[in-house]
file model-v9.tsv (TSV, C-alpha atoms and all ligand atoms)
chain	number	residue	atom	x	y	z
A	16	MET	CA	140.49	98.67	136.77
A	17	THR	CA	136.85	97.78	137.46
A	18	GLY	CA	134.11	100.17	136.54
A	19	GLN	CA	130.76	98.71	137.50
A	20	ILE	CA	130.44	95.57	139.54
A	21	GLY	CA	128.07	92.69	139.00
A	22	ALA	CA	126.99	90.76	135.93
A	23	PRO	CA	125.38	92.77	133.09
A	24	ALA	CA	121.86	91.70	134.14
A	25	GLU	CA	122.52	92.88	137.71
A	26	ARG	CA	123.70	96.25	136.52
A	27	LEU	CA	120.16	97.13	135.62
A	28	LEU	CA	119.20	96.57	139.26
A	29	THR	CA	121.95	98.71	140.80
A	30	PRO	CA	123.26	102.18	140.18
A	31	PRO	CA	126.73	102.16	138.63
A	32	VAL	CA	129.23	101.19	141.33
A	33	VAL	CA	132.79	102.41	140.93
A	34	ARG	CA	135.58	101.11	143.10
A	35	ASP	CA	138.66	103.10	142.10
A	36	ARG	CA	139.68	106.68	141.41
A	37	ASP	CA	139.88	106.43	137.60
A	38	ALA	CA	136.42	104.91	137.27
A	39	LEU	CA	135.04	107.52	139.68
A	40	ALA	CA	136.65	110.40	137.76
A	41	ALA	CA	135.26	109.13	134.44
A	42	ALA	CA	131.75	108.60	135.85
A	43	ARG	CA	131.81	111.91	137.75
A	44	ASP	CA	132.67	113.78	134.53
A	45	ARG	CA	129.47	112.50	132.92
A	46	LEU	CA	127.16	113.59	135.77
A	47	PRO	CA	125.10	116.73	135.19
A	48	GLY	CA	125.35	119.32	137.97
A	49	PRO	CA	124.59	120.33	140.59
A	50	VAL	CA	126.06	117.23	142.18
A	51	ALA	CA	125.28	116.07	145.75
A	52	VAL	CA	127.34	113.60	147.76
A	53	VAL	CA	126.15	111.56	150.74
A	54	MET	CA	128.98	109.85	152.60
A	55	THR	CA	128.31	106.65	154.52
A	56	MET	CA	130.00	103.63	156.02
A	57	GLY	CA	127.33	101.36	154.52
A	58	ALA	CA	124.85	99.12	156.38
A	59	LEU	CA	122.31	101.61	155.11
A	60	HIS	CA	119.04	102.26	156.94
A	61	ALA	CA	116.20	104.78	156.87
A	62	GLY	CA	118.49	107.48	158.35
A	63	HIS	CA	120.79	107.21	155.34
A	64	ALA	CA	117.75	107.06	153.06
A	65	ALA	CA	116.59	110.41	154.46
A	66	LEU	CA	119.94	111.95	153.48
A	67	LEU	CA	119.75	110.42	150.00
A	68	ARG	CA	116.17	111.64	149.54
A	69	GLN	CA	117.09	115.21	150.48
A	70	ALA	CA	120.07	115.02	148.14
A	71	ARG	CA	117.80	113.73	145.34
A	72	ALA	CA	115.43	116.65	145.90
A	73	ARG	CA	118.23	119.21	145.78
A	74	ALA	CA	120.63	118.08	143.05
A	75	ALA	CA	120.60	116.86	139.45
A	76	SER	CA	123.00	114.03	140.35
A	77	VAL	CA	123.48	112.09	143.59
A	78	ILE	CA	126.65	110.21	144.53
A	79	ALA	CA	126.66	107.91	147.58
A	80	THR	CA	129.97	106.82	149.04
A	81	ILE	CA	130.31	103.60	151.03
A	82	PHE	CA	133.58	103.18	152.87
A	83	VAL	CA	134.37	101.90	156.36
A	84	ASN	CA	137.25	104.26	157.05
A	85	PRO	CA	139.96	102.52	159.13
A	86	LEU	CA	141.52	105.88	160.01
A	87	GLN	CA	138.65	106.85	162.33
A	88	PHE	CA	138.62	103.61	164.35
A	89	ALA	CA	140.84	103.17	167.42
A	90	PRO	CA	142.57	99.76	167.66
A	91	THR	CA	140.12	98.80	170.44
A	92	GLU	CA	137.04	99.68	168.35
A	93	ASP	CA	134.81	97.68	166.00
A	94	LEU	CA	136.47	98.11	162.57
A	95	ASP	CA	136.61	94.36	161.91
A	96	ARG	CA	133.04	93.60	162.89
A	97	TYR	CA	131.41	96.75	161.49
A	98	PRO	CA	128.44	95.51	159.38
A	99	ARG	CA	129.20	95.28	155.66
A	100	THR	CA	126.04	94.76	153.57
A	101	LEU	CA	126.85	96.05	150.06
A	102	LYS	CA	124.13	94.12	148.23
A	103	ALA	CA	121.34	95.43	150.49
A	104	ASP	CA	122.93	98.91	150.43
A	105	LEU	CA	122.71	98.97	146.63
A	106	GLU	CA	119.02	98.10	146.81
A	107	ILE	CA	118.45	101.16	149.00
A	108	CYS	CA	120.52	103.25	146.57
A	109	VAL	CA	118.29	102.09	143.68
A	110	ARG	CA	115.16	102.94	145.66
A	111	GLU	CA	116.51	106.41	146.47
A	112	GLN	CA	117.54	106.96	142.83
A	113	VAL	CA	121.24	107.36	143.48
A	114	ASP	CA	123.14	107.99	140.24
A	115	LEU	CA	126.56	106.70	141.27
A	116	VAL	CA	128.01	104.72	144.18
A	117	PHE	CA	131.67	105.06	145.09
A	118	ALA	CA	132.69	102.03	147.19
A	119	PRO	CA	136.48	102.06	147.36
A	120	THR	CA	138.74	99.62	149.18
A	121	ALA	CA	141.18	100.83	151.84
A	122	ALA	CA	143.98	100.30	149.30
A	123	VAL	CA	142.28	102.72	146.89
A	124	MET	CA	141.80	105.36	149.60
A	125	TYR	CA	145.17	104.82	151.29
A	126	PRO	CA	147.49	103.27	148.68
A	127	ALA	CA	150.60	104.01	150.74
A	128	GLY	CA	149.01	102.95	154.05
A	129	PRO	CA	147.85	105.42	156.70
A	130	PRO	CA	148.43	108.94	155.36
A	131	GLN	CA	151.17	111.07	156.89
A	132	VAL	CA	149.35	114.35	156.25
A	133	ARG	CA	146.01	114.56	158.06
A	134	VAL	CA	143.39	117.16	158.87
A	135	GLN	CA	143.80	118.62	162.37
A	136	PRO	CA	140.27	119.07	163.78
A	137	GLY	CA	141.14	121.82	166.28
A	138	PRO	CA	139.69	122.37	169.76
A	139	ARG	CA	136.05	121.57	168.95
A	140	GLY	CA	137.20	118.13	167.85
A	141	GLU	CA	138.67	117.40	171.27
A	142	ILE	CA	135.47	117.66	173.32
A	143	LEU	CA	132.54	115.20	173.55
A	144	GLU	CA	133.18	112.45	170.93
A	145	GLY	CA	136.77	113.64	170.50
A	146	ALA	CA	137.47	113.22	174.22
A	147	PHE	CA	136.21	109.63	174.22
A	148	ARG	CA	137.47	108.68	170.75
A	149	PRO	CA	140.91	110.31	170.45
A	150	GLY	CA	141.92	110.55	166.79
A	151	PHE	CA	138.33	110.06	165.63
A	152	PHE	CA	137.75	113.49	164.08
A	153	GLY	CA	141.23	113.56	162.55
A	154	GLY	CA	140.32	110.32	160.78
A	155	VAL	CA	136.83	111.51	159.82
A	156	LEU	CA	137.89	114.91	158.50
A	157	THR	CA	140.81	113.42	156.57
A	158	VAL	CA	138.57	110.95	154.74
A	159	VAL	CA	135.80	113.53	154.29
A	160	SER	CA	138.35	115.89	152.69
A	161	LYS	CA	139.54	113.12	150.37
A	162	LEU	CA	136.00	112.11	149.41
A	163	LEU	CA	134.98	115.74	148.79
A	164	HIS	CA	138.06	116.17	146.64
A	165	LEU	CA	137.39	112.97	144.66
A	166	THR	CA	133.65	113.48	144.16
A	167	ALA	CA	133.77	117.30	143.70
A	168	PRO	CA	130.18	117.97	144.87
A	169	ASP	CA	128.28	121.24	145.03
A	170	VAL	CA	126.42	120.13	148.13
A	171	THR	CA	126.83	117.42	150.78
A	172	PHE	CA	124.40	116.03	153.38
A	173	PHE	CA	125.24	114.94	156.94
A	174	GLY	CA	122.93	113.64	159.65
A	175	GLU	CA	122.28	115.48	162.92
A	176	LYS	CA	122.54	112.08	164.65
A	177	ASP	CA	126.30	112.69	164.49
A	178	TYR	CA	125.83	116.32	165.47
A	179	GLN	CA	129.43	117.09	166.38
A	180	GLN	CA	130.59	115.50	163.12
A	181	LEU	CA	128.19	117.78	161.21
A	182	MET	CA	129.65	120.82	163.04
A	183	MET	CA	133.20	119.65	162.32
A	184	VAL	CA	132.46	119.15	158.61
A	185	ARG	CA	130.99	122.66	158.42
A	186	GLN	CA	134.17	123.98	160.06
A	187	LEU	CA	136.34	121.96	157.64
A	188	VAL	CA	134.59	123.38	154.60
A	189	THR	CA	134.80	126.93	155.95
A	190	ASP	CA	138.38	126.80	157.21
A	191	LEU	CA	139.75	125.09	154.08
A	192	SER	CA	137.81	127.42	151.73
A	193	MET	CA	135.84	124.64	150.02
A	194	ASP	CA	132.99	125.97	147.91
A	195	ILE	CA	130.56	123.27	149.05
A	196	GLU	CA	127.23	123.65	150.86
A	197	VAL	CA	126.85	121.40	153.93
A	198	VAL	CA	123.24	120.49	154.73
A	199	GLY	CA	122.25	118.97	158.10
A	200	VAL	CA	119.43	116.39	158.11
A	201	PRO	CA	117.24	115.78	161.21
A	202	ILE	CA	117.59	112.50	163.13
A	203	VAL	CA	115.44	109.60	161.93
A	204	ARG	CA	114.14	107.49	164.84
A	205	GLU	CA	112.37	104.17	165.35
A	206	PRO	CA	108.74	104.62	166.50
A	207	ASP	CA	109.87	104.00	170.12
A	208	GLY	CA	112.49	106.78	169.94
A	209	LEU	CA	115.73	104.89	169.29
A	210	ALA	CA	117.87	106.84	166.81
A	211	LEU	CA	118.59	104.69	163.75
A	212	SER	CA	122.23	103.67	163.62
A	213	SER	CA	124.12	100.92	161.79
A	214	ARG	CA	125.52	99.85	165.16
A	215	ASN	CA	122.00	99.10	166.45
A	216	ALA	CA	122.49	95.76	164.64
A	217	TYR	CA	124.87	94.77	167.47
A	218	LEU	CA	122.17	95.12	170.16
A	219	SER	CA	120.42	92.11	171.69
A	220	PRO	CA	116.68	92.64	172.32
A	221	ARG	CA	117.45	93.37	175.98
A	222	GLU	CA	120.23	95.83	175.10
A	223	ARG	CA	117.96	97.53	172.59
A	224	ARG	CA	115.42	98.13	175.39
A	225	SER	CA	118.17	99.59	177.58
A	226	GLY	CA	119.31	101.78	174.67
A	227	LEU	CA	115.93	103.52	174.72
A	228	ALA	CA	117.22	105.34	177.83
A	229	LEU	CA	119.18	107.73	175.59
A	230	SER	CA	116.18	109.09	173.70
A	231	ALA	CA	114.08	108.98	176.89
A	232	ALA	CA	116.74	111.10	178.64
A	233	LEU	CA	116.69	113.61	175.77
A	234	ARG	CA	112.89	113.84	176.01
A	235	ALA	CA	113.14	114.39	179.78
A	236	GLY	CA	115.69	117.14	179.13
A	237	VAL	CA	113.41	118.83	176.62
A	238	ALA	CA	110.48	118.59	179.06
A	239	ALA	CA	112.58	120.38	181.73
A	240	SER	CA	114.03	122.99	179.36
A	241	GLY	CA	111.74	125.80	180.55
A	242	GLN	CA	113.40	125.56	183.98
A	243	GLY	CA	116.91	126.15	182.63
A	244	PRO	CA	120.19	124.24	182.16
A	245	VAL	CA	120.55	122.73	185.65
A	246	ALA	CA	117.05	121.23	185.49
A	247	VAL	CA	117.69	119.84	181.99
A	248	LEU	CA	120.85	118.02	183.04
A	249	ALA	CA	119.24	116.77	186.26
A	250	ALA	CA	116.25	115.37	184.34
A	251	ALA	CA	118.35	113.70	181.64
A	252	THR	CA	120.91	112.19	184.02
A	253	ALA	CA	118.15	110.83	186.28
A	254	VAL	CA	116.69	108.86	183.35
A	255	LEU	CA	120.10	107.51	182.40
A	256	ALA	CA	120.94	106.62	186.01
A	257	ALA	CA	117.73	104.60	186.30
A	258	GLU	CA	118.97	102.22	183.58
A	259	SER	CA	121.81	100.38	185.31
A	260	THR	CA	123.01	98.62	182.14
A	261	VAL	CA	123.73	101.94	180.43
A	262	ASP	CA	127.29	103.15	180.97
A	263	VAL	CA	127.30	106.90	180.23
A	264	ASP	CA	130.33	108.48	178.52
A	265	TYR	CA	128.81	111.96	178.59
A	266	CYS	CA	125.52	113.78	178.95
A	267	GLU	CA	126.26	117.41	178.15
A	268	LEU	CA	124.47	120.61	177.37
A	269	THR	CA	126.02	123.07	174.92
A	270	ASP	CA	125.01	125.99	172.76
A	271	PRO	CA	124.04	125.03	169.16
A	272	SER	CA	127.65	125.32	167.99
A	273	LEU	CA	128.95	123.18	170.90
A	274	GLY	CA	130.17	126.11	173.03
A	275	PRO	CA	129.20	126.57	176.70
A	276	PRO	CA	125.41	126.43	177.24
A	277	PRO	CA	123.51	129.71	177.54
A	278	ALA	CA	121.25	130.35	180.55
A	279	LYS	CA	118.40	130.96	178.10
A	280	GLY	CA	117.72	130.29	174.41
A	281	PRO	CA	118.69	127.62	171.86
A	282	ALA	CA	120.90	124.77	173.12
A	283	ARG	CA	121.87	121.18	172.35
A	284	LEU	CA	121.76	118.20	174.68
A	285	LEU	CA	124.15	115.40	173.66
A	286	ILE	CA	124.53	111.90	175.09
A	287	ALA	CA	126.93	109.03	174.45
A	288	ALA	CA	126.69	105.74	176.31
A	289	LYS	CA	127.71	102.12	176.07
A	290	VAL	CA	125.08	99.43	176.23
A	291	GLY	CA	127.01	96.21	176.64
A	292	ALA	CA	129.77	96.37	174.02
A	293	THR	CA	127.87	98.82	171.81
A	294	ARG	CA	128.43	102.55	171.97
A	295	LEU	CA	125.40	104.71	171.07
A	296	ILE	CA	125.09	108.46	170.60
A	297	ASP	CA	122.05	110.72	170.41
A	298	ASN	CA	121.20	114.41	170.79
A	299	THR	CA	118.42	116.95	170.57
A	300	ALA	CA	117.86	120.65	170.10
A	301	LEU	CA	116.09	122.46	172.92
A	302	LYS	CA	115.26	125.97	174.06
A	303	LEU	CA	116.31	126.92	177.60
A	304	GLY	CA	114.19	129.16	179.83
A	305	ARG	CA	110.85	130.74	179.13
A	401	LIG	N1	119.25	108.10	162.39
A	401	LIG	C1	119.85	108.93	161.56
A	401	LIG	N2	119.23	110.08	161.19
A	401	LIG	C2	119.84	110.96	160.35
A	401	LIG	N3	121.06	110.77	159.82
A	401	LIG	C3	121.71	109.65	160.15
A	401	LIG	C4	121.15	108.67	161.03
A	401	LIG	N4	122.03	107.66	161.17
A	401	LIG	C5	123.11	107.98	160.42
A	401	LIG	N5	122.92	109.18	159.81
A	401	LIG	C6	123.89	109.89	158.97
A	401	LIG	O1	124.33	109.09	157.90
A	401	LIG	C7	125.66	109.45	157.56
A	401	LIG	C8	126.50	108.21	157.52
A	401	LIG	O2	126.55	107.67	158.82
A	401	LIG	P1	127.06	106.22	159.14
A	401	LIG	O3	127.24	105.45	157.87
A	401	LIG	O4	128.16	106.28	160.11
A	401	LIG	O5	125.78	105.56	159.82
A	401	LIG	P2	125.45	105.39	161.33
A	401	LIG	O6	124.14	104.73	161.42
A	401	LIG	O7	125.68	106.70	162.00
A	401	LIG	O8	126.54	104.36	161.77
A	401	LIG	P3	127.11	104.12	163.21
A	401	LIG	O9	126.24	103.09	163.80
A	401	LIG	O10	128.45	103.70	162.84
A	401	LIG	O11	127.13	105.39	163.96
A	401	LIG	C9	126.13	110.44	158.63
A	401	LIG	O12	125.99	111.75	158.12
A	401	LIG	C10	125.15	110.18	159.75
A	401	LIG	O13	124.96	111.29	160.62
A	402	LIG	C1	131.40	110.78	157.41
A	402	LIG	C2	131.87	109.33	157.42
A	402	LIG	C3	131.29	108.61	156.20
A	402	LIG	C4	133.39	109.35	157.28
A	402	LIG	O1	133.91	108.06	157.30
A	402	LIG	C5	131.48	108.62	158.72
A	402	LIG	O2	132.08	109.20	159.82
A	402	LIG	C6	130.00	108.50	158.89
A	402	LIG	O3	129.46	107.54	158.27
A	402	LIG	O4	129.35	109.30	159.57
A	403	LIG	N1	128.58	107.44	162.61
A	403	LIG	C1	129.86	108.11	162.60
A	403	LIG	C2	131.02	107.22	162.32
A	403	LIG	C3	131.51	106.44	163.49
A	403	LIG	O1	130.88	106.40	164.55
A	403	LIG	O2	132.57	105.84	163.36
call {"tool": "encode", "arguments": {"input": "model-v9.tsv", "output": "structure tokens"}}
result
Amino acid sequence: MTGQIGAPAERLLTPPVVRDRDALAAARDRLPGPVAVVMTMGALHAGHAALLRQARARAASVIATIFVNPLQFAPTEDLDRYPRTLKADLEICVREQVDLVFAPTAAVMYPAGPPQVRVQPGPRGEILEGAFRPGFFGGVLTVVSKLLHLTAPDVTFFGEKDYQQLMMVRQLVTDLSMDIEVVGVPIVREPDGLALSSRNAYLSPRERRSGLALSAALRAGVAASGQGPVAVLAAATAVLAAESTVDVDYCELTDPSLGPPPAKGPARLLIAAKVGATRLIDNTALKLGR
């Protein structure tokens, strides 16, 4: 089927875009190693660009995947209205010197419909995001496994903005004996603190202002970290409670691998909240105690 998309003149302005497995396999065979893959759902922004830039610095060849994976969306979620901006995405891929873009359709990824065999995320996939989005990590890890299999990278890059997802992908690669390095990339923020996210496009100006409560709560938590876990949670929840339009799903403190928080030492503070119809997540590292 199709190899590259676009008219010949446009091809010069975009990296090669492949849309099916055969075209991907042929293009992948020609890429010099080591190969890096950056997986995305498109609507690319500076957070994605940071992943692509790190990939560019680390590998001889960079593949970006763009696929809004239906398997990780609950029926009540935003699959249909998720932003799809392929043309602008390809411009970012050119700027970040991506060598190959894999942008499959759902029929290419799931030719027989939703797959019967799926990755079981295990207990760490049932807390936090998994508790509020049942089936989410099963859908994510299934598509991540397929995309790793299809692109055969040496290294892959995931953002810390989706911190639990990064942990789950590390677990996937370890537990399923995949010889692939997983690199975590720090969160890219707007100057006022808002973590970049494709879903920020849904926010009205007023909702965007309310959404700043998440990063403000994280900063309050970090400021209180010397006083220990109780003070951190009290400080963060007070900031969130002051913003009445923010509907908190969770504000939780864990250890860096999402286990129970220590009394002292490295920890992670994670928040998810709805602002209007838009669900935002954010998190930060901190060090508890003195
Ligand atoms: N602000 C950010 N900083 C660092 N990495 C990011 C940021 N936003 C997204 N990423 C990473 O980019 C990769 C692809 O994410 P995705 O395409 O879902 O974008 P997103 O902005 O997280 O979208 P959404 O709004 O759906 O959460 C993931 O590894 C994600 O963690
Ligand atoms: C990893 C991913 C591309 C799988 O669909 C998605 O969950 C995302 O964009 O973070
Ligand atoms: N950003 C992770 C993918 C999702 O929220 O569906």
call {"tool": "atom_distance", "arguments": {"input": "model-v9.tsv", "atom1": "CA of Gln135 (chain A)", "atom2": "CA of Gly153 (chain A)"}}
result
5.7 Å
call {"tool": "residues_around", "arguments": {"input": "model-v9.tsv", "residues": "Glu258 (chain A)", "least_positions_apart": "6", "cutoff": "10 Å", "atoms": "all atoms listed in the file", "output": "number ranges by chain"}}
result
A: 224-229, 290
call {"tool": "residues_near_ligand", "arguments": {"input": "model-v9.tsv", "ligand": "ligand LIG 403 (chain A)", "cutoff": "9 Å", "atoms": "only C-alpha atoms and all ligand atoms", "output": "count of residues only"}}
result
20
call {"tool": "atom_distance", "arguments": {"input": "model-v9.tsv", "atom1": "CA of Pro277 (chain A)", "atom2": "CA of Ala238 (chain A)"}}
result
17.2 Å
call {"tool": "closest_atom_pairs", "arguments": {"input": "model-v9.tsv", "of": "chain A", "to": "ligand LIG 401 (chain A)", "cutoff": "8 Å", "atoms": "all atoms listed in the file", "output": "JSON lines"}}
result
{"residue": "A:Val53", "atom": "CA", "partner": "A:LIG401", "partner_atom": "C7", "distance": 7.2}
{"residue": "A:Met54", "atom": "CA", "partner": "A:LIG401", "partner_atom": "C8", "distance": 5.7}
{"residue": "A:Thr55", "atom": "CA", "partner": "A:LIG401", "partner_atom": "O3", "distance": 3.7}
{"residue": "A:Met56", "atom": "CA", "partner": "A:LIG401", "partner_atom": "O3", "distance": 3.8}
{"residue": "A:Gly57", "atom": "CA", "partner": "A:LIG401", "partner_atom": "O3", "distance": 5.3}
{"residue": "A:Ala58", "atom": "CA", "partner": "A:LIG401", "partner_atom": "O3", "distance": 6.9}
{"residue": "A:Leu59", "atom": "CA", "partner": "A:LIG401", "partner_atom": "O3", "distance": 6.8}
{"residue": "A:His60", "atom": "CA", "partner": "A:LIG401", "partner_atom": "O6", "distance": 7.2}
{"residue": "A:Ala61", "atom": "CA", "partner": "A:LIG401", "partner_atom": "N1", "distance": 7.1}
{"residue": "A:Gly62", "atom": "CA", "partner": "A:LIG401", "partner_atom": "C1", "distance": 3.8}
{"residue": "A:His63", "atom": "CA", "partner": "A:LIG401", "partner_atom": "O1", "distance": 4.8}
{"residue": "A:Ala65", "atom": "CA", "partner": "A:LIG401", "partner_atom": "C2", "distance": 6.7}
{"residue": "A:Leu66", "atom": "CA", "partner": "A:LIG401", "partner_atom": "N3", "distance": 6.5}
{"residue": "A:Ile81", "atom": "CA", "partner": "A:LIG401", "partner_atom": "O3", "distance": 7.7}
{"residue": "A:Tyr97", "atom": "CA", "partner": "A:LIG401", "partner_atom": "O10", "distance": 7.7}
{"residue": "A:Phe172", "atom": "CA", "partner": "A:LIG401", "partner_atom": "O12", "distance": 6.6}
{"residue": "A:Phe173", "atom": "CA", "partner": "A:LIG401", "partner_atom": "O12", "distance": 3.5}
{"residue": "A:Gly174", "atom": "CA", "partner": "A:LIG401", "partner_atom": "O13", "distance": 3.3}
{"residue": "A:Glu175", "atom": "CA", "partner": "A:LIG401", "partner_atom": "O13", "distance": 5.5}
{"residue": "A:Lys176", "atom": "CA", "partner": "A:LIG401", "partner_atom": "O13", "distance": 4.8}
{"residue": "A:Asp177", "atom": "CA", "partner": "A:LIG401", "partner_atom": "O13", "distance": 4.3}
{"residue": "A:Tyr178", "atom": "CA", "partner": "A:LIG401", "partner_atom": "O13", "distance": 7.0}
{"residue": "A:Gln180", "atom": "CA", "partner": "A:LIG401", "partner_atom": "O13", "distance": 7.5}
{"residue": "A:Leu181", "atom": "CA", "partner": "A:LIG401", "partner_atom": "O12", "distance": 7.1}
{"residue": "A:Val200", "atom": "CA", "partner": "A:LIG401", "partner_atom": "C2", "distance": 5.9}
{"residue": "A:Pro201", "atom": "CA", "partner": "A:LIG401", "partner_atom": "C2", "distance": 5.5}
{"residue": "A:Ile202", "atom": "CA", "partner": "A:LIG401", "partner_atom": "N2", "distance": 3.5}
{"residue": "A:Val203", "atom": "CA", "partner": "A:LIG401", "partner_atom": "N2", "distance": 3.9}
{"residue": "A:Arg204", "atom": "CA", "partner": "A:LIG401", "partner_atom": "N1", "distance": 5.7}
{"residue": "A:Ala210", "atom": "CA", "partner": "A:LIG401", "partner_atom": "N1", "distance": 4.8}
{"residue": "A:Leu211", "atom": "CA", "partner": "A:LIG401", "partner_atom": "N1", "distance": 3.7}
{"residue": "A:Ser212", "atom": "CA", "partner": "A:LIG401", "partner_atom": "O6", "distance": 3.1}
{"residue": "A:Ser213", "atom": "CA", "partner": "A:LIG401", "partner_atom": "O9", "distance": 3.6}
{"residue": "A:Arg214", "atom": "CA", "partner": "A:LIG401", "partner_atom": "O9", "distance": 3.6}
{"residue": "A:Asn215", "atom": "CA", "partner": "A:LIG401", "partner_atom": "O9", "distance": 6.4}
{"residue": "A:Leu295", "atom": "CA", "partner": "A:LIG401", "partner_atom": "O11", "distance": 7.3}
{"residue": "A:Ile296", "atom": "CA", "partner": "A:LIG401", "partner_atom": "O11", "distance": 7.6}
call {"tool": "residues_around", "arguments": {"input": "model-v9.tsv", "residues": "Pro149 (chain A)", "least_positions_apart": "4", "cutoff": "8 Å", "atoms": "only C-alpha atoms", "output": "list in words"}}
result
Ala89, Glu141 and Gly145 of chain A
call {"tool": "closest_residue", "arguments": {"input": "model-v9.tsv", "among": "A:Gly128, A:Pro220, A:Gly154, A:Gly291", "to": "ligand LIG 402 (chain A)", "atoms": "all atoms listed in the file"}}
result
A:Gly154
call {"tool": "closest_residue", "arguments": {"input": "model-v9.tsv", "among": "A:Thr166, A:Pro30, A:Leu86, A:Thr189", "to": "Val113 (chain A)", "atoms": "all atoms listed in the file"}}
result
A:Pro30
call {"tool": "closest_residue", "arguments": {"input": "model-v9.tsv", "among": "A:Phe152, A:Phe147, A:Tyr125, A:Tyr217", "to": "ligand LIG 402 (chain A)", "atoms": "only C-alpha atoms and all ligand atoms"}}
result
A:Phe152
call {"tool": "closest_residue", "arguments": {"input": "model-v9.tsv", "among": "A:Ile142, A:Val33, A:Ala300, A:Val158", "to": "ligand LIG 402 (chain A)", "atoms": "all atoms listed in the file"}}
result
A:Val158
call {"tool": "residues_around", "arguments": {"input": "model-v9.tsv", "residues": "Asp190 (chain A)", "least_positions_apart": "6", "cutoff": "12 Å", "atoms": "all atoms listed in the file", "output": "PyMOL selection string"}}
result
chain A and resi 134-137+156+160+183-184
call {"tool": "write_last_selection", "arguments": {"input": "model-v9.tsv", "atoms": "C-alpha atoms", "output": "short mmCIF file (atom, residue, chain, number, x, y, z; two decimals), in the coordinates of the input"}}
result
data_model
loop_
_atom_site.label_atom_id
_atom_site.label_comp_id
_atom_site.auth_asym_id
_atom_site.auth_seq_id
_atom_site.Cartn_x
_atom_site.Cartn_y
_atom_site.Cartn_z
CA VAL A 134 143.39 117.16 158.87
CA GLN A 135 143.80 118.62 162.37
CA PRO A 136 140.27 119.07 163.78
CA GLY A 137 141.14 121.82 166.28
CA LEU A 156 137.89 114.91 158.50
CA SER A 160 138.35 115.89 152.69
CA MET A 183 133.20 119.65 162.32
CA VAL A 184 132.46 119.15 158.61
#
call {"tool": "closest_residue", "arguments": {"input": "model-v9.tsv", "among": "A:Ser219, A:Ser230, A:Gln69, A:Thr157", "to": "ligand LIG 402 (chain A)", "atoms": "only C-alpha atoms and all ligand atoms"}}
result
A:Thr157
call {"tool": "atom_distance", "arguments": {"input": "model-v9.tsv", "atom1": "CA of Gly208 (chain A)", "atom2": "CA of Ala239 (chain A)"}}
result
18.0 Å
call {"tool": "closest_residue", "arguments": {"input": "model-v9.tsv", "among": "A:Ala292, A:Ala121, A:Ala257, A:Ala103", "to": "ligand LIG 402 (chain A)", "atoms": "all atoms listed in the file"}}
result
A:Ala121
call {"tool": "axis_aligned_box", "arguments": {"input": "model-v9.tsv", "around": "ligand LIG 402 (chain A)", "padding_each_side": "6 Å", "output": "AutoDock Vina command-line options"}}
result
--center_x 131.6 --center_y 109.2 --center_z 158.0 --size_x 16.6 --size_y 15.2 --size_z 15.6
call {"tool": "residues_around", "arguments": {"input": "model-v9.tsv", "residues": "Glu106 (chain A)", "least_positions_apart": "4", "cutoff": "10 Å", "atoms": "all atoms listed in the file", "output": "list of chain:residue names"}}
result
A:Leu28, A:Thr29, A:Pro30, A:Leu59, A:Leu101, A:Lys102, A:Arg110, A:Glu111, A:Gln112
